[in-house]
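Here's coords_18.csv, which has CSV, C-alpha atoms:
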chain,number,residue,atom,x,y,z
A,1,GLY,CA,41.3,101.1,132.7
A,2,GLU,CA,42.2,100.2,129.1
A,3,ASN,CA,45.0,97.7,128.4
A,4,VAL,CA,46.5,97.4,125.0
A,5,GLU,CA,48.7,94.4,124.1
A,6,GLN,CA,50.8,94.5,120.9
A,7,HIS,CA,52.7,91.7,119.1
A,8,PRO,CA,55.3,91.1,118.0
A,9,SER,CA,57.8,93.2,119.8
A,10,THR,CA,60.2,92.9,116.9
A,11,LEU,CA,59.6,92.0,113.2
A,12,SER,CA,62.1,91.6,110.4
A,13,VAL,CA,60.9,91.3,106.8
A,14,GLN,CA,62.6,91.3,103.4
A,15,GLU,CA,62.0,94.3,101.3
A,16,GLY,CA,58.9,93.9,99.2
A,17,ASP,CA,57.2,91.5,101.7
A,18,SER,CA,54.3,92.3,103.8
A,19,ALA,CA,54.3,93.1,107.5
A,20,VAL,CA,51.5,92.6,110.0
A,21,ILE,CA,51.3,93.9,113.6
A,22,LYS,CA,48.5,93.0,115.9
A,23,CYS,CA,47.0,94.6,118.9
A,24,THR,CA,44.3,93.6,121.4
A,25,TYR,CA,42.4,95.9,123.8
A,26,SER,CA,40.4,95.3,126.9
A,27,ASP,CA,37.9,98.1,127.2
A,28,SER,CA,34.7,97.5,125.1
A,29,ALA,CA,34.0,101.3,125.3
A,30,SER,CA,37.1,102.0,123.1
A,31,ASN,CA,36.1,103.2,119.7
A,32,TYR,CA,39.2,104.9,118.2
A,33,PHE,CA,42.3,103.0,117.2
A,34,PRO,CA,45.3,104.9,115.8
A,35,TRP,CA,48.7,103.7,114.6
A,36,TYR,CA,51.9,105.7,115.0
A,37,LYS,CA,55.3,105.4,113.4
A,38,GLN,CA,58.3,106.5,115.4
A,39,GLU,CA,61.6,106.9,113.7
A,40,LEU,CA,64.8,107.2,115.7
A,41,GLY,CA,65.1,110.6,117.4
A,42,LYS,CA,61.7,111.7,116.4
A,43,GLY,CA,58.2,112.0,117.9
A,44,PRO,CA,55.5,109.5,117.0
A,45,GLN,CA,53.7,110.3,113.7
A,46,LEU,CA,50.1,109.3,113.1
A,47,ILE,CA,50.0,107.1,110.0
A,48,ILE,CA,46.5,105.7,110.0
A,49,ASP,CA,43.5,105.4,112.3
A,50,ILE,CA,40.2,103.6,112.4
A,51,ARG,CA,37.0,104.2,114.2
A,52,SER,CA,34.6,101.5,115.5
A,53,ASN,CA,32.0,102.0,112.8
A,54,VAL,CA,34.5,100.8,110.2
A,55,GLY,CA,36.0,97.4,109.7
A,56,GLU,CA,38.9,98.2,107.4
A,57,LYS,CA,40.7,101.3,106.1
A,58,LYS,CA,43.4,101.6,103.5
A,59,ASP,CA,45.9,104.3,102.6
A,60,GLN,CA,48.2,103.3,99.8
A,61,ARG,CA,50.4,100.5,101.2
A,62,ILE,CA,49.0,100.7,104.7
A,63,ALA,CA,45.8,99.2,105.9
A,64,VAL,CA,44.2,98.7,109.3
A,65,THR,CA,41.5,96.2,110.2
A,66,LEU,CA,39.3,96.1,113.3
A,67,ASN,CA,37.4,93.3,114.8
A,68,LYS,CA,35.3,94.8,117.6
A,69,THR,CA,33.8,91.5,118.7
A,70,ALA,CA,37.2,90.0,119.3
A,71,LYS,CA,38.7,93.3,120.4
A,72,HIS,CA,41.6,93.3,118.2
A,73,PHE,CA,43.0,95.4,115.4
A,74,SER,CA,45.9,95.0,113.0
A,75,LEU,CA,48.2,97.1,110.9
A,76,HIS,CA,49.2,95.7,107.5
A,77,ILE,CA,52.0,97.1,105.4
A,78,THR,CA,52.4,95.8,101.9
A,79,GLU,CA,55.4,96.0,99.6
A,80,THR,CA,57.7,97.1,102.5
A,81,GLN,CA,60.5,99.4,101.8
A,82,PRO,CA,63.6,100.2,103.9
A,83,GLU,CA,62.1,103.5,104.9
A,84,ASP,CA,59.3,101.6,106.6
A,85,SER,CA,61.9,100.6,109.3
A,86,ALA,CA,60.8,102.2,112.5
A,87,VAL,CA,58.9,101.5,115.8
A,88,TYR,CA,55.2,101.2,115.4
A,89,PHE,CA,52.7,101.8,118.2
A,90,CYS,CA,49.1,101.0,118.3
A,91,ALA,CA,46.7,102.8,120.7
A,92,ALA,CA,43.1,102.9,121.8
A,93,SER,CA,40.7,105.4,123.2
A,94,ASP,CA,37.1,106.2,123.9
A,95,THR,CA,36.1,109.2,121.7
A,96,GLY,CA,34.6,110.7,124.8
A,97,SER,CA,38.1,110.9,126.2
A,98,TYR,CA,41.3,112.5,124.8
A,99,GLN,CA,43.4,109.9,126.5
A,100,LEU,CA,45.2,107.3,124.4
A,101,THR,CA,46.5,104.0,125.8
A,102,PHE,CA,49.5,102.8,123.8
A,103,GLY,CA,50.8,99.3,123.1
A,104,LYS,CA,54.4,98.6,123.9
A,105,GLY,CA,55.6,99.0,120.3
A,106,THR,CA,56.9,96.8,117.4
A,107,LYS,CA,60.3,97.4,116.0
A,108,LEU,CA,60.1,96.7,112.3
A,109,SER,CA,63.2,96.2,110.3
A,110,VAL,CA,63.0,96.0,106.5
A,111,ILE,CA,66.0,94.2,105.0
A,112,PRO,CA,67.1,95.4,101.6
B,113,SER,CA,47.7,118.8,111.7
B,114,ALA,CA,49.2,121.3,114.1
B,115,VAL,CA,52.9,122.1,114.1
B,116,ILE,CA,54.3,121.4,117.5
B,117,SER,CA,57.7,122.6,118.6
B,118,GLN,CA,59.5,121.4,121.7
B,119,LYS,CA,62.6,122.9,123.3
B,120,PRO,CA,65.2,121.7,124.1
B,121,SER,CA,65.4,118.7,121.8
B,122,ARG,CA,67.8,117.1,124.1
B,123,ASP,CA,69.7,117.8,127.3
B,124,ILE,CA,72.1,116.2,129.8
B,125,CYS,CA,71.4,117.2,133.4
B,126,GLN,CA,73.0,116.6,136.8
B,127,ARG,CA,70.9,114.8,139.3
B,128,GLY,CA,69.1,117.0,141.8
B,129,THR,CA,68.6,119.8,139.2
B,130,SER,CA,65.4,120.7,137.3
B,131,LEU,CA,64.7,121.1,133.6
B,132,THR,CA,61.8,123.0,132.0
B,133,ILE,CA,60.6,121.8,128.7
B,134,GLN,CA,58.7,124.1,126.4
B,135,CYS,CA,56.0,123.2,123.9
B,136,GLN,CA,54.7,125.7,121.4
B,137,VAL,CA,51.8,125.0,119.0
B,138,ASP,CA,51.0,127.0,115.9
B,139,SER,CA,47.3,127.0,116.6
B,140,GLN,CA,45.1,127.4,119.6
B,141,VAL,CA,44.2,124.2,121.4
B,142,THR,CA,42.0,123.6,124.4
B,143,MET,CA,44.1,120.7,125.8
B,144,MET,CA,47.8,119.8,125.7
B,145,PHE,CA,49.2,116.6,126.9
B,146,TRP,CA,52.6,115.6,128.3
B,147,TYR,CA,53.8,112.0,127.8
B,148,ARG,CA,56.9,110.2,129.0
B,149,GLN,CA,58.7,107.5,127.0
B,150,GLN,CA,61.2,105.6,128.9
B,151,PRO,CA,64.1,104.0,127.0
B,152,GLY,CA,62.8,101.3,124.7
B,153,GLN,CA,59.3,101.6,126.2
B,154,SER,CA,55.9,102.8,125.2
B,155,LEU,CA,54.3,106.2,125.9
B,156,THR,CA,52.7,107.0,129.2
B,157,LEU,CA,50.5,110.0,129.8
B,158,ILE,CA,51.9,112.2,132.6
B,159,ALA,CA,49.2,114.9,132.7
B,160,THR,CA,46.7,117.0,130.7
B,161,ALA,CA,47.4,120.7,130.7
B,162,ASN,CA,44.3,122.8,130.6
B,163,GLN,CA,44.4,126.6,130.0
B,164,GLY,CA,43.1,128.5,132.9
B,165,SER,CA,43.1,125.6,135.4
B,166,GLU,CA,45.5,123.2,137.1
B,167,ALA,CA,46.8,120.3,135.2
B,168,THR,CA,45.3,116.9,135.6
B,169,TYR,CA,47.8,114.3,136.6
B,170,GLU,CA,47.7,110.5,135.9
B,171,SER,CA,48.2,107.9,138.6
B,172,GLY,CA,51.9,107.8,139.5
B,173,PHE,CA,52.7,111.4,138.6
B,174,VAL,CA,52.5,114.3,141.0
B,175,ILE,CA,52.6,118.0,140.6
B,176,ASP,CA,55.6,118.5,142.9
B,177,LYS,CA,57.7,116.3,140.6
B,178,PHE,CA,56.2,117.5,137.3
B,179,PRO,CA,54.8,121.0,137.6
B,180,ILE,CA,53.1,122.2,134.4
B,181,SER,CA,52.2,125.6,133.2
B,182,ARG,CA,49.6,126.6,130.6
B,183,PRO,CA,49.6,130.4,130.3
B,184,ASN,CA,47.7,130.5,127.0
B,185,LEU,CA,46.1,128.3,124.3
B,186,THR,CA,49.4,127.8,122.3
B,187,PHE,CA,52.0,127.2,124.9
B,188,SER,CA,52.8,124.9,127.8
B,189,THR,CA,55.8,123.9,129.9
B,190,LEU,CA,56.7,120.8,131.8
B,191,THR,CA,59.3,120.9,134.5
B,192,VAL,CA,61.1,117.7,135.7
B,193,SER,CA,62.1,118.5,139.2
B,194,ASN,CA,64.9,117.2,141.5
B,195,MET,CA,66.0,114.8,138.7
B,196,SER,CA,67.4,111.4,139.2
B,197,PRO,CA,68.8,108.9,136.6
B,198,GLU,CA,65.4,107.2,136.6
B,199,ASP,CA,64.0,110.4,135.0
B,200,SER,CA,66.0,109.8,131.9
B,201,SER,CA,63.4,109.5,129.2
B,202,ILE,CA,61.9,111.2,126.1
B,203,TYR,CA,59.3,113.7,127.1
B,204,LEU,CA,56.6,114.4,124.5
B,205,CYS,CA,54.1,117.2,124.1
B,206,SER,CA,50.9,116.3,122.3
B,207,VAL,CA,47.7,118.1,121.1
B,208,PRO,CA,44.4,116.7,119.8
B,209,GLY,CA,43.4,117.1,116.1
B,210,GLN,CA,40.3,118.6,114.7
B,211,MET,CA,38.3,115.5,115.4
B,212,ASN,CA,39.4,115.8,119.1
B,213,THR,CA,40.5,112.2,119.0
B,214,GLU,CA,43.7,112.1,117.0
B,215,ALA,CA,46.8,113.0,118.9
B,216,PHE,CA,49.8,114.8,117.2
B,217,PHE,CA,53.2,114.9,118.8
B,218,GLY,CA,56.1,117.1,119.0
B,219,GLN,CA,59.6,115.8,118.2
B,220,GLY,CA,60.2,115.1,121.9
B,221,THR,CA,62.9,116.2,124.4
B,222,ARG,CA,65.5,113.5,125.1
B,223,LEU,CA,66.6,113.9,128.7
B,224,THR,CA,69.6,112.1,130.2
B,225,VAL,CA,70.2,112.5,133.9
B,226,VAL,CA,73.8,111.8,135.2

structure tokens encoding of this file:
Amino acid sequence: GENVEQHPSTLSVQEGDSAVIKCTYSDSASNYFPWYKQELGKGPQLIIDIRSNVGEKKDQRIAVTLNKTAKHFSLHITETQPEDSAVYFCAASDTGSYQLTFGKGTKLSVIP
Amino acid sequence: SAVISQKPSRDICQRGTSLTIQCQVDSQVTMMFWYRQQPGQSLTLIATANQGSEATYESGFVIDKFPISRPNLTFSTLTVSNMSPEDSSIYLCSVPGQMNTEAFFGQGTRLTVV
């Protein structure tokens, strides 16, 4: 089955700096890669996703890049703000399946 | 995205008892998913709830421990049976999006077993 590795497990940045979280996956059949943000006491919220026919996708301060050859994808947050502090999860799936395999999460702390 | 409501949002239960968690969606969906998130850990899929048929369980999860109902296309329940402290987790309901690949989550049920 699919295995998703996520690094780092914790990340502290100064407000205004950039944050990068990286994930690798094992199953070459995976072609859908979402990122979730989970705030304390809440369910995961989908913040951005990318499909295998695209190398990069941006949405305001958030971007995701995908390298299918190397089987890794990354989340980039620019101009971080304190409200970006949360746990971020990457995931992977095959679009023929509904099942997502999640990474172990990254706790991001943005220091004012 | 669909609006997903879970009840209860949290509960503290005695070991040996059972708790039923409800998940209500504001639109009809073919599949609903139940995940477990143990303290400080990632999300693990428990089972897929299909309307009109038995749920499909992932490796390590069995129907006797986690019975699931799916009476219609907008509602599902997950029961955590004969609970032990190891069952203390957040249980999350999820539904796919229009593209059938995105997953949207409810706010979760935070269960503590004492």

I'd like to know which of B:Asn162, B:Ser201, B:Ser121, B:Ser113 is closest to Asp138 (chain B), using only C-alpha atoms.
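Of B:Asn162, B:Ser201, B:Ser121, B:Ser113, the one nearest Asp138 (chain B), counting only C-alpha atoms, is B:Ser113.
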
Who sits within 9 Å of Val174 (chain B), all atoms listed in the file, same chain under 5 positions skipped, as a list of chain:residue names
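In the requested format, the answer is B:Ile158, B:Ala159, B:Tyr169, B:Pro179.
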
Between A:Val64, A:Val4, A:Val87, A:Val13, which is the closest to Ser52 (chain A) once you count only C-alpha atoms?
A:Val64

Quick one: of B:Trp146, B:Phe217, B:Phe178, B:Tyr203, who's nearest to chain A, counting all atoms listed in the file?
B:Phe217

Show me a table, sorted first by chain and then by increasing residue number, of the residues of chain A having an atom at most 10 Å from chain B, each with its shortest atom pair and the distance in Å to one decimal, counting only C-alpha atoms and written as a Markdown table.
| residue | atom | partner | partner_atom | distance |
| --- | --- | --- | --- | --- |
| A:Tyr32 | CA | B:Thr213 | CA | 7.5 |
| A:Phe33 | CA | B:Glu214 | CA | 9.2 |
| A:Pro34 | CA | B:Glu214 | CA | 7.5 |
| A:Tyr36 | CA | B:Phe216 | CA | 9.6 |
| A:Gln38 | CA | B:Gln219 | CA | 9.8 |
| A:Gly41 | CA | B:Gln219 | CA | 7.6 |
| A:Lys42 | CA | B:Gln219 | CA | 4.9 |
| A:Gly43 | CA | B:Gln219 | CA | 4.1 |
| A:Pro44 | CA | B:Phe217 | CA | 6.1 |
| A:Gln45 | CA | B:Phe217 | CA | 6.9 |
| A:Leu46 | CA | B:Phe216 | CA | 6.9 |
| A:Ile48 | CA | B:Glu214 | CA | 9.9 |
| A:Asp49 | CA | B:Glu214 | CA | 8.2 |
| A:Arg51 | CA | B:Thr213 | CA | 10.0 |
| A:Val87 | CA | B:Gly152 | CA | 9.7 |
| A:Tyr88 | CA | B:Ser154 | CA | 10.0 |
| A:Phe89 | CA | B:Ser154 | CA | 7.8 |
| A:Cys90 | CA | B:Ser154 | CA | 9.9 |
| A:Ala91 | CA | B:Leu155 | CA | 9.8 |
| A:Ser93 | CA | B:Thr213 | CA | 8.0 |
| A:Asp94 | CA | B:Thr213 | CA | 8.5 |
| A:Thr95 | CA | B:Thr213 | CA | 6.0 |
| A:Gly96 | CA | B:Thr213 | CA | 8.4 |
| A:Ser97 | CA | B:Thr213 | CA | 7.7 |
| A:Tyr98 | CA | B:Thr213 | CA | 5.9 |
| A:Gln99 | CA | B:Leu157 | CA | 7.8 |
| A:Leu100 | CA | B:Leu157 | CA | 8.0 |
| A:Thr101 | CA | B:Thr156 | CA | 7.7 |
| A:Phe102 | CA | B:Leu155 | CA | 6.2 |
| A:Gly103 | CA | B:Ser154 | CA | 6.5 |
| A:Lys104 | CA | B:Ser154 | CA | 4.6 |
| A:Gly105 | CA | B:Ser154 | CA | 6.2 |
| A:Thr106 | CA | B:Ser154 | CA | 9.9 |
| A:Lys107 | CA | B:Gly152 | CA | 9.9 |

Students should find that CA of Tyr25 (chain A) and CA of Lys71 (chain A) are spaced 5.7 Å

Can you pull out the residues contacting Ser28 (chain A)? Cut-off 9 Å, using only C-alpha atoms, and skip same-chain residues under 2 positions away; I want them as a list in words.
Glu2, Tyr25, Ser26, Ser30, Asn31, Lys68, Thr69 and Lys71 of chain A

Residues just named, written with C-alpha atoms as a compact mmCIF listing (two decimals), keeping the file's coordinate frame:
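To be explicit, this is the file written out as out.txt:
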# COMPACT_ATOMS: atom_id res chain seq x y z
CA GLU A 2 42.20 100.20 129.10
CA TYR A 25 42.40 95.90 123.80
CA SER A 26 40.40 95.30 126.90
CA SER A 30 37.10 102.00 123.10
CA ASN A 31 36.10 103.20 119.70
CA LYS A 68 35.30 94.80 117.60
CA THR A 69 33.80 91.50 118.70
CA LYS A 71 38.70 93.30 120.40

Separation of CA of Gln60 (chain A) from CA of Thr80 (chain A), in Å and rounded to one decimal
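Straight-line distance from CA of Gln60 (chain A) to CA of Thr80 (chain A) works out to 11.7 Å.
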
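Taking all atoms listed in the file, the non-local environment of region 163-168 of chain B within 7 Å (same-chain residues fewer than 5 positions away omitted) comprises Thr142, Ile180, Arg182, Pro183, Asn184 and Leu185 of chain B.
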
Atomic distance CA of Lys37 (chain A) - CA of Thr78 (chain A), expressed in Å with one decimal
15.3 Å

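For Ser109 (chain A), the non-local neighbours within 7 Å, defined as residues at least 3 positions apart in the same chain or in other chains and counting all atoms listed in the file, are Leu11, Ser12, Val13, Ser85 and Ala86 of chain A.
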
Export of prior selection with C-alpha atoms as a PDB file, keeping the file's coordinate frame:
ATOM      1  CA  LEU A  11      59.600  92.000 113.200  1.00  0.00           C
ATOM      2  CA  SER A  12      62.100  91.600 110.400  1.00  0.00           C
ATOM      3  CA  VAL A  13      60.900  91.300 106.800  1.00  0.00           C
ATOM      4  CA  SER A  85      61.900 100.600 109.300  1.00  0.00           C
ATOM      5  CA  ALA A  86      60.800 102.200 112.500  1.00  0.00           C
TER       6      ALA A  86
END

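Of the residues listed (B:Ser196, B:Ser181, B:Ser139, B:Gln149), B:Ser196 shows the shortest atom-to-atom separation from Cys125 (chain B); distances use only C-alpha atoms.
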
Around (50.4, 97.4, 108.1) in the file's own coordinates, what residues are found within 7 Å if you use all atoms listed in the file, given back as a ChimeraX atom specification?
/A:19-21,62-64,75-78
